[in-house]
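Trainee: To be precise about what I am sending: the file is called structure30.tsv and holds TSV, C-alpha atoms.
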chain	number	residue	atom	x	y	z
A	30	MET	CA	38.55	33.76	-24.49
A	31	PRO	CA	35.13	32.48	-23.41
A	32	TRP	CA	34.30	28.92	-24.51
A	33	ARG	CA	31.31	30.10	-26.60
A	34	SER	CA	33.56	31.98	-28.98
A	35	SER	CA	36.44	29.49	-28.80
A	36	GLY	CA	34.77	27.01	-31.14
A	37	LEU	CA	35.01	24.26	-28.49
A	38	PRO	CA	31.92	22.28	-27.47
A	39	SER	CA	29.99	23.38	-24.39
A	40	PRO	CA	31.42	22.12	-21.08
A	41	GLY	CA	27.88	21.29	-19.83
A	42	PRO	CA	27.37	17.74	-21.16
A	43	CYS	CA	31.03	16.72	-21.27
A	44	PRO	CA	32.55	13.99	-19.09
A	45	PRO	CA	34.85	15.17	-16.28
A	46	THR	CA	38.01	13.81	-17.92
A	47	THR	CA	37.40	16.04	-20.92
A	48	CYS	CA	36.69	19.05	-18.73
A	49	LEU	CA	39.89	18.62	-16.79
A	50	ASN	CA	41.88	18.75	-20.05
A	51	TRP	CA	40.31	22.10	-21.05
A	52	VAL	CA	42.12	24.15	-18.41
A	53	ASP	CA	44.09	26.26	-20.91
A	54	THR	CA	41.44	26.60	-23.59
A	55	VAL	CA	38.16	27.18	-21.74
A	56	GLU	CA	37.03	30.06	-19.63
A	57	TYR	CA	38.09	29.08	-16.09
A	58	GLY	CA	34.73	29.82	-14.42
A	59	ALA	CA	32.80	27.59	-16.84
A	60	LEU	CA	35.36	24.81	-16.40
A	61	LEU	CA	35.18	25.01	-12.63
A	62	ARG	CA	31.37	24.86	-12.60
A	63	CYS	CA	31.33	21.95	-15.04
A	64	ALA	CA	33.97	19.99	-13.11
A	65	GLN	CA	32.10	20.57	-9.83
A	66	VAL	CA	28.83	19.31	-11.32
A	67	TRP	CA	30.51	16.20	-12.69
A	68	LYS	CA	32.31	15.58	-9.40
A	69	VAL	CA	29.00	15.69	-7.52
A	70	LYS	CA	27.35	13.41	-10.10
A	71	ALA	CA	30.26	10.96	-9.89
A	72	GLU	CA	30.10	10.89	-6.08
A	73	LEU	CA	26.36	10.27	-6.13
A	74	SER	CA	26.65	7.53	-8.74
A	75	GLU	CA	29.20	5.68	-6.63
A	76	ARG	CA	27.46	5.83	-3.25
A	77	PRO	CA	27.63	2.54	-1.29
A	78	CYS	CA	24.88	1.13	0.92
A	79	ARG	CA	24.39	3.06	4.14
A	80	LEU	CA	23.20	1.93	7.56
A	81	VAL	CA	21.18	3.77	10.17
A	82	VAL	CA	21.25	2.05	13.54
A	83	CYS	CA	18.68	3.09	16.11
A	84	ARG	CA	20.18	3.86	19.49
A	85	GLY	CA	17.35	5.91	20.93
A	86	CYS	CA	15.21	5.25	23.96
A	87	CYS	CA	15.00	1.44	23.67
A	88	CYS	CA	17.31	0.16	20.96
A	89	GLY	CA	20.80	-0.55	22.15
A	90	THR	CA	19.89	-0.68	25.83
A	91	LYS	CA	20.38	-3.58	28.21
A	92	LYS	CA	17.08	-2.69	29.86
A	93	LYS	CA	15.10	-3.43	26.68
A	94	ARG	CA	17.33	-6.18	25.26
A	95	PRO	CA	19.40	-7.79	28.02
A	96	GLY	CA	22.11	-10.23	27.00
A	97	VAL	CA	22.96	-8.44	23.74
A	98	ASP	CA	26.43	-6.95	23.22
A	99	HIS	CA	25.12	-3.64	21.89
A	100	LYS	CA	28.53	-1.95	21.71
A	101	GLY	CA	30.03	-4.95	19.92
A	102	GLN	CA	27.10	-5.00	17.50
A	103	TRP	CA	27.63	-1.30	16.73
A	104	ARG	CA	31.37	-1.83	16.19
A	105	ARG	CA	30.66	-4.63	13.71
A	106	LEU	CA	27.99	-2.68	11.82
A	107	LYS	CA	30.17	0.40	11.40
A	108	SER	CA	33.09	-1.70	10.08
A	109	LEU	CA	31.16	-3.34	7.20
A	110	ARG	CA	32.46	-3.17	3.63
A	111	ASP	CA	30.41	-3.47	0.43
A	112	ASP	CA	30.84	-5.57	-2.72
A	113	GLU	CA	33.36	-3.09	-4.10
A	114	GLY	CA	35.46	-3.04	-0.91
A	115	ARG	CA	34.26	0.40	0.20
A	116	ASP	CA	33.47	1.25	3.80
A	117	VAL	CA	29.73	1.23	4.43
A	118	PRO	CA	28.78	4.48	6.19
A	119	ALA	CA	26.90	3.77	9.39
A	120	ARG	CA	25.40	6.26	11.79
A	121	THR	CA	23.29	6.10	14.88
A	122	SER	CA	19.91	7.73	15.17
A	123	ASP	CA	17.64	8.75	17.98
A	124	CYS	CA	14.43	6.77	18.31
A	125	LEU	CA	13.07	5.57	14.97
A	126	GLY	CA	9.66	5.00	16.52
A	127	ILE	CA	9.17	1.23	16.40
A	128	CYS	CA	10.53	0.47	19.87
A	129	PHE	CA	8.63	-2.80	20.18
A	130	GLN	CA	11.01	-4.16	17.50
A	131	ALA	CA	14.27	-2.97	19.09
A	132	ASN	CA	17.07	-3.18	17.83
A	133	VAL	CA	16.25	-1.49	14.53
A	134	VAL	CA	18.65	-1.21	11.58
A	135	VAL	CA	17.77	0.55	8.31
A	136	VAL	CA	19.77	-0.54	5.24
A	137	HIS	CA	19.77	2.14	2.53
A	138	PRO	CA	20.50	0.95	-1.00
A	139	SER	CA	23.65	1.81	-2.91
A	140	SER	CA	23.44	3.96	-6.03
A	141	ARG	CA	23.16	0.80	-8.13
A	142	GLY	CA	20.33	-0.39	-5.91
A	143	ARG	CA	18.53	2.96	-6.23
A	144	GLU	CA	18.85	2.77	-10.00
A	145	ALA	CA	17.18	-0.66	-9.79
A	146	GLY	CA	14.30	0.92	-7.84
A	147	ALA	CA	15.23	-0.20	-4.32
A	148	ARG	CA	14.11	1.66	-1.23
A	149	PRO	CA	15.53	1.52	2.31
A	150	VAL	CA	14.85	-1.76	4.12
A	151	TRP	CA	13.91	-1.60	7.79
A	152	LEU	CA	14.98	-4.53	9.97
A	153	GLY	CA	13.65	-5.09	13.48
A	154	ASP	CA	14.72	-7.33	16.36
A	155	VAL	CA	18.35	-7.37	15.22
A	156	THR	CA	19.64	-8.87	18.45
A	157	SER	CA	21.96	-11.73	17.48
A	158	ASP	CA	25.37	-12.03	15.89
A	159	SER	CA	23.91	-14.26	13.18
A	160	LEU	CA	21.64	-11.40	12.06
A	161	VAL	CA	24.59	-8.99	11.95
A	162	ASP	CA	26.43	-11.63	9.88
A	163	ALA	CA	23.44	-11.78	7.51
A	164	ILE	CA	23.43	-7.97	7.15
A	165	ASP	CA	27.18	-8.08	6.50
A	166	GLY	CA	26.77	-10.72	3.79
A	167	TRP	CA	23.86	-8.90	2.20
A	168	VAL	CA	25.68	-5.56	2.06
A	169	ALA	CA	28.81	-7.31	0.75
A	170	ALA	CA	26.65	-8.79	-2.03
A	171	GLY	CA	25.32	-5.35	-2.99
A	172	GLY	CA	22.41	-4.79	-0.59
A	173	PRO	CA	18.86	-3.72	-1.48
A	174	GLY	CA	18.08	-3.71	-5.19
A	175	VAL	CA	21.25	-5.60	-6.10
A	176	SER	CA	20.88	-8.71	-3.97
A	177	GLU	CA	17.84	-10.43	-2.47
A	178	VAL	CA	17.16	-10.12	1.26
A	179	PRO	CA	18.82	-13.13	2.95
A	180	THR	CA	16.42	-15.72	4.35
A	181	ALA	CA	17.81	-15.09	7.84
A	182	LEU	CA	16.53	-11.50	7.62
A	183	THR	CA	13.15	-12.00	5.91
A	184	ASP	CA	11.32	-12.47	9.23
A	185	HIS	CA	12.92	-9.24	10.50
A	186	VAL	CA	11.85	-6.96	7.62
A	187	THR	CA	9.51	-4.30	8.95
A	188	SER	CA	8.63	-0.69	8.13
A	189	LYS	CA	8.70	2.70	9.78
A	190	ASP	CA	4.90	2.51	9.96
A	191	ALA	CA	4.77	-0.87	11.74
A	192	LYS	CA	2.11	-1.06	14.40
A	193	LYS	CA	2.63	-2.71	17.74
A	194	PRO	CA	0.60	-5.90	17.93
A	195	LYS	CA	-2.35	-5.60	20.27
A	196	LYS	CA	-2.37	-7.74	23.38
A	197	ASP	CA	-5.24	-10.12	23.97
A	198	LYS	CA	-7.63	-8.43	26.34
A	199	LYS	CA	-8.94	-10.61	29.13
A	200	SER	CA	-12.61	-10.27	29.76
A	201	LYS	CA	-13.69	-8.33	32.85
A	202	LYS	CA	-15.93	-11.22	33.80
A	203	GLY	CA	-12.93	-13.56	34.00
A	204	LYS	CA	-11.05	-11.10	36.23
A	205	LYS	CA	-14.05	-10.76	38.60
A	206	GLU	CA	-14.39	-14.54	38.89
A	207	LYS	CA	-10.70	-14.83	39.83
A	208	LYS	CA	-11.03	-12.08	42.44
A	209	GLY	CA	-14.13	-13.72	43.89
A	210	LYS	CA	-12.41	-17.09	44.30
A	211	GLY	CA	-9.54	-15.54	46.23
A	212	LYS	CA	-11.89	-13.94	48.84
A	213	LYS	CA	-13.63	-17.16	49.92
In structure tokens, write the structure found in this file.

Mentor:
Amino acid sequence: MPWRSSGLPSPGPCPPTTCLNWVDTVEYGALLRCAQVWKVKAELSERPCRLVVCRGCCCGTKKKRPGVDHKGQWRRLKSLRDDEGRDVPARTSDCLGICFQANVVVVHPSSRGREAGARPVWLGDVTSDSLVDAIDGWVAAGGPGVSEVPTALTDHVTSKDAKKPKKDKKSKKGKKEKKGKGKK
């Protein structure tokens, strides 16, 4: 018997626990669709913070950042846990485009952070263990939108649109004077 003629309420707005109890009384197709929708909504509402770690052309290379344990840093970042004890998904990305601030880490907010209006936070020059510790503590406290950016990270907050600072151009006159002195 279809649910419309069964006298039972529509499975659309019901919570998943109610849907799962309707197996014998509701049309199976409607139950399955409703349970799938609620499962997806539940998974989205419980999403932890996520990390994207740049490992493209410059980030994560000894050539660009010598003296940094890039593999150790990656191992630590992918083993982080959030304030609810869940694993924080971390993935690597090709070049994120702000190579002058290598190593770049993007911290995406959890579902709670998104509900509070948070957006992903881009961090540049993440080259020390103390900065990885600060990211760990921040994510463990809830991350963007739930907890304030730690003071250790505030100087490292950047954006995907960051522009490389321009170098001071030396005047051509100064260069000519230096060349002239060397010839005498």

Trainee: Of the candidates A:Val97, A:Cys87, A:Arg143, A:Gln102, which one gets nearest to Ser122 in chain A if we count only C-alpha atoms?

Mentor: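 Going through A:Val97, A:Cys87, A:Arg143, A:Gln102 one by one, the smallest distance to Ser122 in chain A is for A:Cys87.
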
Trainee: Taking 2 positions as the minimum chain separation for residues in the same chain, which residues sit within 9 Å of Gly142 in chain A when counting all atoms listed in the file? Answer as a VMD selection string.

Mentor: chain A and resid 78 137 to 140 144 to 148 171 to 176

Trainee: When you count only C-alpha atoms, which of these residues is closest to Val161 in chain A: A:Leu80, A:Val136, A:Leu106, A:Val186?

Mentor: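 Closest residue, counting only C-alpha atoms: A:Leu106.
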
Trainee: So how far away is CA of Val133 in chain A from CA of Asp154 in chain A, in Å?

Mentor: 6.3 Å

Trainee: Which residues, written as a CSV table (one decimal) with C-alpha atoms, in the coordinates of the input, have at least one atom at most 12 Å from Lys100 in chain A, with all atoms listed in the file counted and residues fewer than 3 positions away on the same chain left out?

Mentor:
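Result saved to result-v6.csv:
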chain,number,residue,atom,x,y,z
A,82,VAL,CA,21.2,2.0,13.5
A,84,ARG,CA,20.2,3.9,19.5
A,88,CYS,CA,17.3,0.2,21.0
A,89,GLY,CA,20.8,-0.6,22.2
A,90,THR,CA,19.9,-0.7,25.8
A,91,LYS,CA,20.4,-3.6,28.2
A,96,GLY,CA,22.1,-10.2,27.0
A,97,VAL,CA,23.0,-8.4,23.7
A,103,TRP,CA,27.6,-1.3,16.7
A,104,ARG,CA,31.4,-1.8,16.2
A,105,ARG,CA,30.7,-4.6,13.7
A,106,LEU,CA,28.0,-2.7,11.8
A,107,LYS,CA,30.2,0.4,11.4
A,121,THR,CA,23.3,6.1,14.9
A,156,THR,CA,19.6,-8.9,18.4

Trainee: Hey, which of A:Val135, A:Lys195, A:Thr180, A:His99 ends up closest to Pro118 in chain A? Count only C-alpha atoms.

Mentor: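 Closest candidate: A:Val135.
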
Trainee: How about completing range 168-188 of chain A with N, CA, C and O atoms and giving it to me as a PDB file, keeping the file's coordinate frame?

Mentor:
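Writing done, so here's part19.pdb:
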ATOM      1  N   VAL A 168      25.044  -6.802   2.513  1.00  0.00           N
ATOM      2  CA  VAL A 168      25.680  -5.560   2.060  1.00  0.00           C
ATOM      3  C   VAL A 168      26.892  -5.875   1.190  1.00  0.00           C
ATOM      4  O   VAL A 168      27.128  -5.226   0.171  1.00  0.00           O
ATOM      5  N   ALA A 169      27.650  -6.912   1.556  1.00  0.00           N
ATOM      6  CA  ALA A 169      28.810  -7.310   0.750  1.00  0.00           C
ATOM      7  C   ALA A 169      28.392  -7.810  -0.628  1.00  0.00           C
ATOM      8  O   ALA A 169      29.144  -7.691  -1.600  1.00  0.00           O
ATOM      9  N   ALA A 170      27.169  -8.329  -0.740  1.00  0.00           N
ATOM     10  CA  ALA A 170      26.650  -8.790  -2.030  1.00  0.00           C
ATOM     11  C   ALA A 170      25.982  -7.677  -2.831  1.00  0.00           C
ATOM     12  O   ALA A 170      25.529  -7.900  -3.945  1.00  0.00           O
ATOM     13  N   GLY A 171      25.897  -6.475  -2.268  1.00  0.00           N
ATOM     14  CA  GLY A 171      25.320  -5.350  -2.990  1.00  0.00           C
ATOM     15  C   GLY A 171      24.151  -4.687  -2.295  1.00  0.00           C
ATOM     16  O   GLY A 171      23.784  -3.572  -2.603  1.00  0.00           O
ATOM     17  N   GLY A 172      23.501  -5.386  -1.353  1.00  0.00           N
ATOM     18  CA  GLY A 172      22.410  -4.790  -0.590  1.00  0.00           C
ATOM     19  C   GLY A 172      21.109  -4.679  -1.356  1.00  0.00           C
ATOM     20  O   GLY A 172      20.921  -5.321  -2.399  1.00  0.00           O
ATOM     21  N   PRO A 173      20.185  -3.851  -0.863  1.00  0.00           N
ATOM     22  CA  PRO A 173      18.860  -3.720  -1.480  1.00  0.00           C
ATOM     23  C   PRO A 173      18.933  -3.331  -2.949  1.00  0.00           C
ATOM     24  O   PRO A 173      19.710  -2.466  -3.328  1.00  0.00           O
ATOM     25  N   GLY A 174      18.147  -4.014  -3.767  1.00  0.00           N
ATOM     26  CA  GLY A 174      18.080  -3.710  -5.190  1.00  0.00           C
ATOM     27  C   GLY A 174      19.126  -4.418  -6.016  1.00  0.00           C
ATOM     28  O   GLY A 174      18.976  -4.558  -7.224  1.00  0.00           O
ATOM     29  N   VAL A 175      20.182  -4.886  -5.393  1.00  0.00           N
ATOM     30  CA  VAL A 175      21.250  -5.600  -6.100  1.00  0.00           C
ATOM     31  C   VAL A 175      21.205  -7.070  -5.738  1.00  0.00           C
ATOM     32  O   VAL A 175      21.410  -7.938  -6.572  1.00  0.00           O
ATOM     33  N   SER A 176      20.919  -7.354  -4.481  1.00  0.00           N
ATOM     34  CA  SER A 176      20.880  -8.710  -3.970  1.00  0.00           C
ATOM     35  C   SER A 176      19.593  -8.912  -3.171  1.00  0.00           C
ATOM     36  O   SER A 176      19.104  -7.980  -2.532  1.00  0.00           O
ATOM     37  N   GLU A 177      19.067 -10.119  -3.216  1.00  0.00           N
ATOM     38  CA  GLU A 177      17.840 -10.430  -2.470  1.00  0.00           C
ATOM     39  C   GLU A 177      18.099 -10.390  -0.960  1.00  0.00           C
ATOM     40  O   GLU A 177      19.205 -10.653  -0.505  1.00  0.00           O
ATOM     41  N   VAL A 178      17.060 -10.095  -0.193  1.00  0.00           N
ATOM     42  CA  VAL A 178      17.160 -10.120   1.260  1.00  0.00           C
ATOM     43  C   VAL A 178      17.462 -11.554   1.687  1.00  0.00           C
ATOM     44  O   VAL A 178      16.768 -12.482   1.269  1.00  0.00           O
ATOM     45  N   PRO A 179      18.505 -11.766   2.504  1.00  0.00           N
ATOM     46  CA  PRO A 179      18.820 -13.130   2.950  1.00  0.00           C
ATOM     47  C   PRO A 179      17.660 -13.732   3.745  1.00  0.00           C
ATOM     48  O   PRO A 179      16.915 -13.019   4.428  1.00  0.00           O
ATOM     49  N   THR A 180      17.527 -15.048   3.660  1.00  0.00           N
ATOM     50  CA  THR A 180      16.420 -15.720   4.350  1.00  0.00           C
ATOM     51  C   THR A 180      16.480 -15.490   5.860  1.00  0.00           C
ATOM     52  O   THR A 180      15.444 -15.432   6.513  1.00  0.00           O
ATOM     53  N   ALA A 181      17.688 -15.339   6.405  1.00  0.00           N
ATOM     54  CA  ALA A 181      17.810 -15.090   7.840  1.00  0.00           C
ATOM     55  C   ALA A 181      17.190 -13.759   8.247  1.00  0.00           C
ATOM     56  O   ALA A 181      16.804 -13.572   9.406  1.00  0.00           O
ATOM     57  N   LEU A 182      17.067 -12.832   7.310  1.00  0.00           N
ATOM     58  CA  LEU A 182      16.530 -11.500   7.620  1.00  0.00           C
ATOM     59  C   LEU A 182      15.076 -11.314   7.213  1.00  0.00           C
ATOM     60  O   LEU A 182      14.451 -10.330   7.607  1.00  0.00           O
ATOM     61  N   THR A 183      14.511 -12.221   6.431  1.00  0.00           N
ATOM     62  CA  THR A 183      13.150 -12.000   5.910  1.00  0.00           C
ATOM     63  C   THR A 183      12.119 -11.846   7.027  1.00  0.00           C
ATOM     64  O   THR A 183      11.194 -11.047   6.906  1.00  0.00           O
ATOM     65  N   ASP A 184      12.277 -12.592   8.118  1.00  0.00           N
ATOM     66  CA  ASP A 184      11.320 -12.470   9.230  1.00  0.00           C
ATOM     67  C   ASP A 184      11.513 -11.182  10.016  1.00  0.00           C
ATOM     68  O   ASP A 184      10.688 -10.835  10.862  1.00  0.00           O
ATOM     69  N   HIS A 185      12.604 -10.465   9.756  1.00  0.00           N
ATOM     70  CA  HIS A 185      12.920  -9.240  10.500  1.00  0.00           C
ATOM     71  C   HIS A 185      12.618  -7.974   9.697  1.00  0.00           C
ATOM     72  O   HIS A 185      12.782  -6.880  10.218  1.00  0.00           O
ATOM     73  N   VAL A 186      12.186  -8.134   8.444  1.00  0.00           N
ATOM     74  CA  VAL A 186      11.850  -6.960   7.620  1.00  0.00           C
ATOM     75  C   VAL A 186      10.590  -6.340   8.180  1.00  0.00           C
ATOM     76  O   VAL A 186       9.591  -7.013   8.441  1.00  0.00           O
ATOM     77  N   THR A 187      10.641  -5.032   8.385  1.00  0.00           N
ATOM     78  CA  THR A 187       9.510  -4.300   8.950  1.00  0.00           C
ATOM     79  C   THR A 187       9.400  -2.966   8.204  1.00  0.00           C
ATOM     80  O   THR A 187       9.957  -2.828   7.119  1.00  0.00           O
ATOM     81  N   SER A 188       8.712  -2.011   8.758  1.00  0.00           N
ATOM     82  CA  SER A 188       8.630  -0.690   8.130  1.00  0.00           C
ATOM     83  C   SER A 188       8.550   0.363   9.224  1.00  0.00           C
ATOM     84  O   SER A 188       8.271   0.065  10.386  1.00  0.00           O
TER      85      SER A 188
END
